[in-house]
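Written out below as structure tokens is the structure these notes cover.
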Amino acid sequence: MVLKYSRIQSPSSINTYRQCPRKYYYIYIEKRKTSKNIHLVRGSIAHSVLENFFTIKLNDNEPCLGDKLINWINELFENEWSSKKKELCELDMTSQELKYYYNETKEMLNTWLFSFFKRLRDLDSNNPINAFKTLTPEMEVLYKSDNLGVLGYIDVIEKVGENISLIDYKTSKAAKISDDYKLQLAIYAMLYKEKHGIAPNKVGISFLKFGETHELMVNQDLIDYALLEVELIHANTQTKNIIDYPKNITPLCKWSSGQCDFYDICQKCNQRNLSDF
Ligand code: SF4
């Protein structure tokens with residue numbers, strides 16, 4: 001299938017459109033900037049740590065593998081957190097608030113590591129180095145389909161035996177595959193299948209805070225779901241006319257401690273055209 005499209009989409013752009021077409025318009029058509037927040041910055045720190053985690057050099061007879069990996073992940077975390085100091089300081093947060101997120105992110109990474117230890121033991125308790133090699137995935141791989149007009153970065157592609165799993169890391173507060181996450185995973189499965197001719201067996205989210213990975217089996221229904229959503233977004237985003245991007249007014253416009261990045265401009269637009277809001 002070759003789709004007619006105006007721009008390459010991504011799981012993020014598609015989920016933005018599903019949340020609010022007007023917001024999509026501001027970000028992807030007017031190309032307005034979105035603000036940074038602690039969740040984005042610390043998510044990026046955690047992703048970088050895990051991406052580098054598997055680059056560690058291990059000897060075949062590593063005497064204290066557990067200690068070495070704990071020191072390694074914490075060293076990577078300290079380096080990444082320091083490298084983002086400038087961005088973190090620009091977030092308008094108190095030092096106590098920053099300290100809270102520093103501790104929480106470090107704890108998440110260590111929680112993930114302890115769940116990884118369990119996987120090493122389950123796979124080969126007699127030879128953890130061998131298990132480490134088996135579980136070393138491909139990381140942060142770009143999949144882009146010119147036919148379908150969609151791209152995505154897959155955090156983890158893991159091949160163990162005959163099983164292929166695509167995993168995304170999340171620092172979310174709840175360990176639940178939401179509708180947005182499900183669509184993101186479905187798109188990854190679709191892109192993988194288009195490129196390799198076979199679908200992965202599973203897709204899932206690794207919830208770092210909980211050390212849990214929640215997975216979905218990949219079947220044709222999941223891939224068809226992604227194809228349908230990709231078709232829909234292309235059909236709905238052909239024009240650059242703001243009136244084709246209606247507002248979706250929900251509690252995500254403004255909440256007790258914050259508001260949508262475009263709340264003010266969205267309201268001004270409201271004053272010009274009352275029927276619009
Ligand atoms: S304020 Fe609400 S309606 Fe306006 S762009 Fe943001 S989410 Fe959409």
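Labeling convention for the structure tokens: chains A, B, ... as they appear, residues from 1 per chain, ligands from 1 in order of appearance.
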
query: Residues within 10 Å of ligand 1 (only C-alpha atoms and all ligand atoms), as JSON, numbers by chain?
result: {"A": [16, 17, 19, 20, 21, 22, 23, 24, 25, 26, 27, 245, 246, 247, 248, 249, 250, 251, 252, 253, 254, 259, 260, 261, 262, 263, 264, 265, 266, 267, 269, 270, 276, 277]}

Could you save the residues just selected, with N, CA, C and O atoms, as a CSV table (one decimal), in the first residue's frame?
chain,number,residue,atom,x,y,z
A,16,THR,N,-0.7,13.0,19.1
A,16,THR,CA,-1.1,14.4,19.3
A,16,THR,C,-2.4,14.7,18.6
A,16,THR,O,-3.3,15.4,19.2
A,17,TYR,N,-2.5,14.3,17.4
A,17,TYR,CA,-3.7,14.5,16.6
A,17,TYR,C,-4.9,13.9,17.3
A,17,TYR,O,-6.0,14.5,17.4
A,19,GLN,N,-5.3,13.4,20.4
A,19,GLN,CA,-5.6,14.1,21.6
A,19,GLN,C,-6.3,15.4,21.2
A,19,GLN,O,-7.3,15.8,21.8
A,20,CYS,N,-5.8,16.1,20.3
A,20,CYS,CA,-6.4,17.4,19.9
A,20,CYS,C,-5.8,17.8,18.5
A,20,CYS,O,-4.6,18.2,18.4
A,21,PRO,N,-6.7,17.8,17.5
A,21,PRO,CA,-6.2,18.2,16.1
A,21,PRO,C,-5.6,19.7,16.1
A,21,PRO,O,-4.6,19.9,15.4
A,22,ARG,N,-6.2,20.6,16.9
A,22,ARG,CA,-5.6,21.9,16.9
A,22,ARG,C,-4.2,22.0,17.5
A,22,ARG,O,-3.3,22.7,17.0
A,23,LYS,N,-4.0,21.2,18.5
A,23,LYS,CA,-2.6,21.1,19.0
A,23,LYS,C,-1.6,20.5,18.0
A,23,LYS,O,-0.5,21.0,17.8
A,24,TYR,N,-2.1,19.5,17.2
A,24,TYR,CA,-1.3,19.0,16.1
A,24,TYR,C,-1.0,20.1,15.1
A,24,TYR,O,0.2,20.3,14.7
A,25,TYR,N,-2.0,21.0,14.8
A,25,TYR,CA,-1.8,22.1,13.9
A,25,TYR,C,-0.6,23.0,14.4
A,25,TYR,O,0.3,23.4,13.6
A,26,TYR,N,-0.7,23.4,15.7
A,26,TYR,CA,0.3,24.3,16.2
A,26,TYR,C,1.7,23.7,16.2
A,26,TYR,O,2.7,24.4,15.9
A,27,ILE,N,1.8,22.4,16.5
A,27,ILE,CA,3.1,21.8,16.5
A,27,ILE,C,3.7,21.4,15.1
A,27,ILE,O,4.8,21.7,14.8
A,245,TYR,N,-8.6,21.8,11.6
A,245,TYR,CA,-8.0,21.2,12.8
A,245,TYR,C,-8.8,21.6,14.1
A,245,TYR,O,-8.4,22.6,14.7
A,246,PRO,N,-9.9,21.0,14.3
A,246,PRO,CA,-10.8,21.5,15.4
A,246,PRO,C,-10.1,21.3,16.8
A,246,PRO,O,-9.3,20.4,17.0
A,247,LYS,N,-10.6,22.2,17.7
A,247,LYS,CA,-10.1,22.1,19.1
A,247,LYS,C,-10.8,20.9,19.8
A,247,LYS,O,-12.0,20.6,19.5
A,248,ASN,N,-10.1,20.2,20.6
A,248,ASN,CA,-10.7,19.2,21.4
A,248,ASN,C,-10.5,19.6,22.9
A,248,ASN,O,-9.5,19.5,23.5
A,249,ILE,N,-11.6,20.2,23.5
A,249,ILE,CA,-11.5,20.8,24.8
A,249,ILE,C,-11.7,19.7,25.9
A,249,ILE,O,-12.8,19.1,25.9
A,250,THR,N,-10.6,19.5,26.6
A,250,THR,CA,-10.7,18.4,27.7
A,250,THR,C,-9.9,19.0,28.9
A,250,THR,O,-9.3,20.1,28.8
A,251,PRO,N,-9.9,18.2,30.0
A,251,PRO,CA,-9.1,18.7,31.1
A,251,PRO,C,-7.6,18.8,30.8
A,251,PRO,O,-6.8,19.4,31.5
A,252,LEU,N,-7.1,18.3,29.6
A,252,LEU,CA,-5.7,18.5,29.2
A,252,LEU,C,-5.4,19.9,28.7
A,252,LEU,O,-4.3,20.2,28.4
A,253,CYS,N,-6.5,20.7,28.5
A,253,CYS,CA,-6.2,22.1,28.1
A,253,CYS,C,-5.7,22.9,29.3
A,253,CYS,O,-4.7,23.7,29.1
A,254,LYS,N,-6.2,22.7,30.5
A,254,LYS,CA,-5.8,23.4,31.7
A,254,LYS,C,-6.1,22.6,32.9
A,254,LYS,O,-7.2,22.1,33.0
A,259,GLN,N,-1.0,24.0,32.1
A,259,GLN,CA,-1.9,24.1,31.0
A,259,GLN,C,-1.1,23.7,29.7
A,259,GLN,O,0.1,23.6,29.7
A,260,CYS,N,-1.9,23.4,28.7
A,260,CYS,CA,-1.4,23.1,27.4
A,260,CYS,C,-0.5,24.2,26.9
A,260,CYS,O,-0.7,25.4,27.2
A,261,ASP,N,0.6,23.9,26.2
A,261,ASP,CA,1.6,24.9,25.7
A,261,ASP,C,0.9,26.0,24.9
A,261,ASP,O,1.4,27.1,24.7
A,262,PHE,N,-0.3,25.6,24.3
A,262,PHE,CA,-0.9,26.6,23.4
A,262,PHE,C,-2.2,27.1,23.9
A,262,PHE,O,-3.0,27.7,23.1
A,263,TYR,N,-2.4,27.0,25.2
A,263,TYR,CA,-3.6,27.5,25.8
A,263,TYR,C,-3.9,28.9,25.5
A,263,TYR,O,-5.0,29.3,25.1
A,264,ASP,N,-2.9,29.8,25.6
A,264,ASP,CA,-3.1,31.2,25.5
A,264,ASP,C,-3.5,31.6,24.0
A,264,ASP,O,-4.5,32.3,23.7
A,265,ILE,N,-2.7,31.0,23.1
A,265,ILE,CA,-3.0,31.3,21.7
A,265,ILE,C,-4.3,30.7,21.2
A,265,ILE,O,-5.1,31.3,20.4
A,266,CYS,N,-4.6,29.6,21.8
A,266,CYS,CA,-5.8,28.9,21.5
A,266,CYS,C,-7.0,29.7,22.0
A,266,CYS,O,-8.0,29.8,21.3
A,267,GLN,N,-6.9,30.4,23.1
A,267,GLN,CA,-8.0,31.2,23.6
A,267,GLN,C,-8.1,32.5,22.8
A,267,GLN,O,-9.3,32.9,22.6
A,269,CYS,N,-7.6,32.8,19.7
A,269,CYS,CA,-8.2,32.3,18.5
A,269,CYS,C,-9.7,32.2,18.8
A,269,CYS,O,-10.6,32.5,18.0
A,270,ASN,N,-10.0,31.8,20.0
A,270,ASN,CA,-11.4,31.7,20.5
A,270,ASN,C,-12.1,33.1,20.4
A,270,ASN,O,-13.3,33.2,20.0
A,276,ASP,N,-15.6,28.6,17.4
A,276,ASP,CA,-14.5,27.7,17.2
A,276,ASP,C,-14.2,26.9,18.5
A,276,ASP,O,-13.7,25.8,18.5
A,277,PHE,N,-14.4,27.6,19.7
A,277,PHE,CA,-14.0,27.0,21.0
A,277,PHE,C,-15.1,26.3,21.7
A,277,PHE,O,-16.2,26.9,21.8

* Looking only at helix (DSSP H, G or I) from DSSP on the backbone, list the matching residues of range 89-224 of chain A as a PyMOL selection string. => chain A and resi 89+95-124+128-135+179-196+220-224

Closest pair table for range 86-172 of chain A residues within 9 Å of range 181-190 of chain A, only C-alpha atoms, as JSON lines:
{"residue": "A:Tyr143", "atom": "CA", "partner": "A:Tyr188", "partner_atom": "CA", "distance": 8.0}
{"residue": "A:Val150", "atom": "CA", "partner": "A:Ile187", "partner_atom": "CA", "distance": 8.5}
{"residue": "A:Leu151", "atom": "CA", "partner": "A:Tyr188", "partner_atom": "CA", "distance": 8.6}
{"residue": "A:Gly152", "atom": "CA", "partner": "A:Tyr188", "partner_atom": "CA", "distance": 6.8}
{"residue": "A:Tyr153", "atom": "CA", "partner": "A:Tyr188", "partner_atom": "CA", "distance": 8.3}
{"residue": "A:Ile154", "atom": "CA", "partner": "A:Tyr188", "partner_atom": "CA", "distance": 6.9}
{"residue": "A:Leu166", "atom": "CA", "partner": "A:Tyr188", "partner_atom": "CA", "distance": 7.5}
{"residue": "A:Ile167", "atom": "CA", "partner": "A:Leu185", "partner_atom": "CA", "distance": 8.1}
{"residue": "A:Asp168", "atom": "CA", "partner": "A:Leu185", "partner_atom": "CA", "distance": 8.0}

How would the residues just chosen look if you wrote them out with N, CA and C atoms as a compact mmCIF listing (two decimals), in the first residue's frame?
# COMPACT_ATOMS: atom_id res chain seq x y z
N TYR A 143 13.21 3.32 12.22
CA TYR A 143 12.47 2.68 11.13
C TYR A 143 11.67 3.76 10.43
N VAL A 150 5.59 7.16 7.57
CA VAL A 150 5.64 7.14 9.03
C VAL A 150 7.01 6.64 9.48
N LEU A 151 7.46 7.16 10.61
CA LEU A 151 8.74 6.70 11.16
C LEU A 151 8.63 6.53 12.67
N GLY A 152 9.58 5.79 13.21
CA GLY A 152 9.63 5.63 14.66
C GLY A 152 10.99 5.13 15.09
N TYR A 153 11.43 5.57 16.25
CA TYR A 153 12.66 5.05 16.86
C TYR A 153 12.28 3.96 17.84
N ILE A 154 12.76 2.75 17.59
CA ILE A 154 12.44 1.64 18.49
C ILE A 154 13.56 1.54 19.53
N LEU A 166 9.92 -6.09 20.47
CA LEU A 166 10.22 -4.66 20.37
C LEU A 166 9.74 -4.02 21.66
N ILE A 167 10.64 -3.30 22.31
CA ILE A 167 10.31 -2.74 23.63
C ILE A 167 10.56 -1.24 23.64
N ASP A 168 9.66 -0.53 24.32
CA ASP A 168 9.85 0.89 24.53
C ASP A 168 9.99 1.15 26.03

From CA of Leu216 in chain A to CA of His47 in chain A the spacing works out at 21.4 Å

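Reported to one decimal place, the separation of CA of Trp112 in chain A from CA of Leu65 in chain A is 15.9 Å.
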
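Take CA of Lys36 in chain A and CA of Tyr101 in chain A: the distance between them is 14.8 Å.
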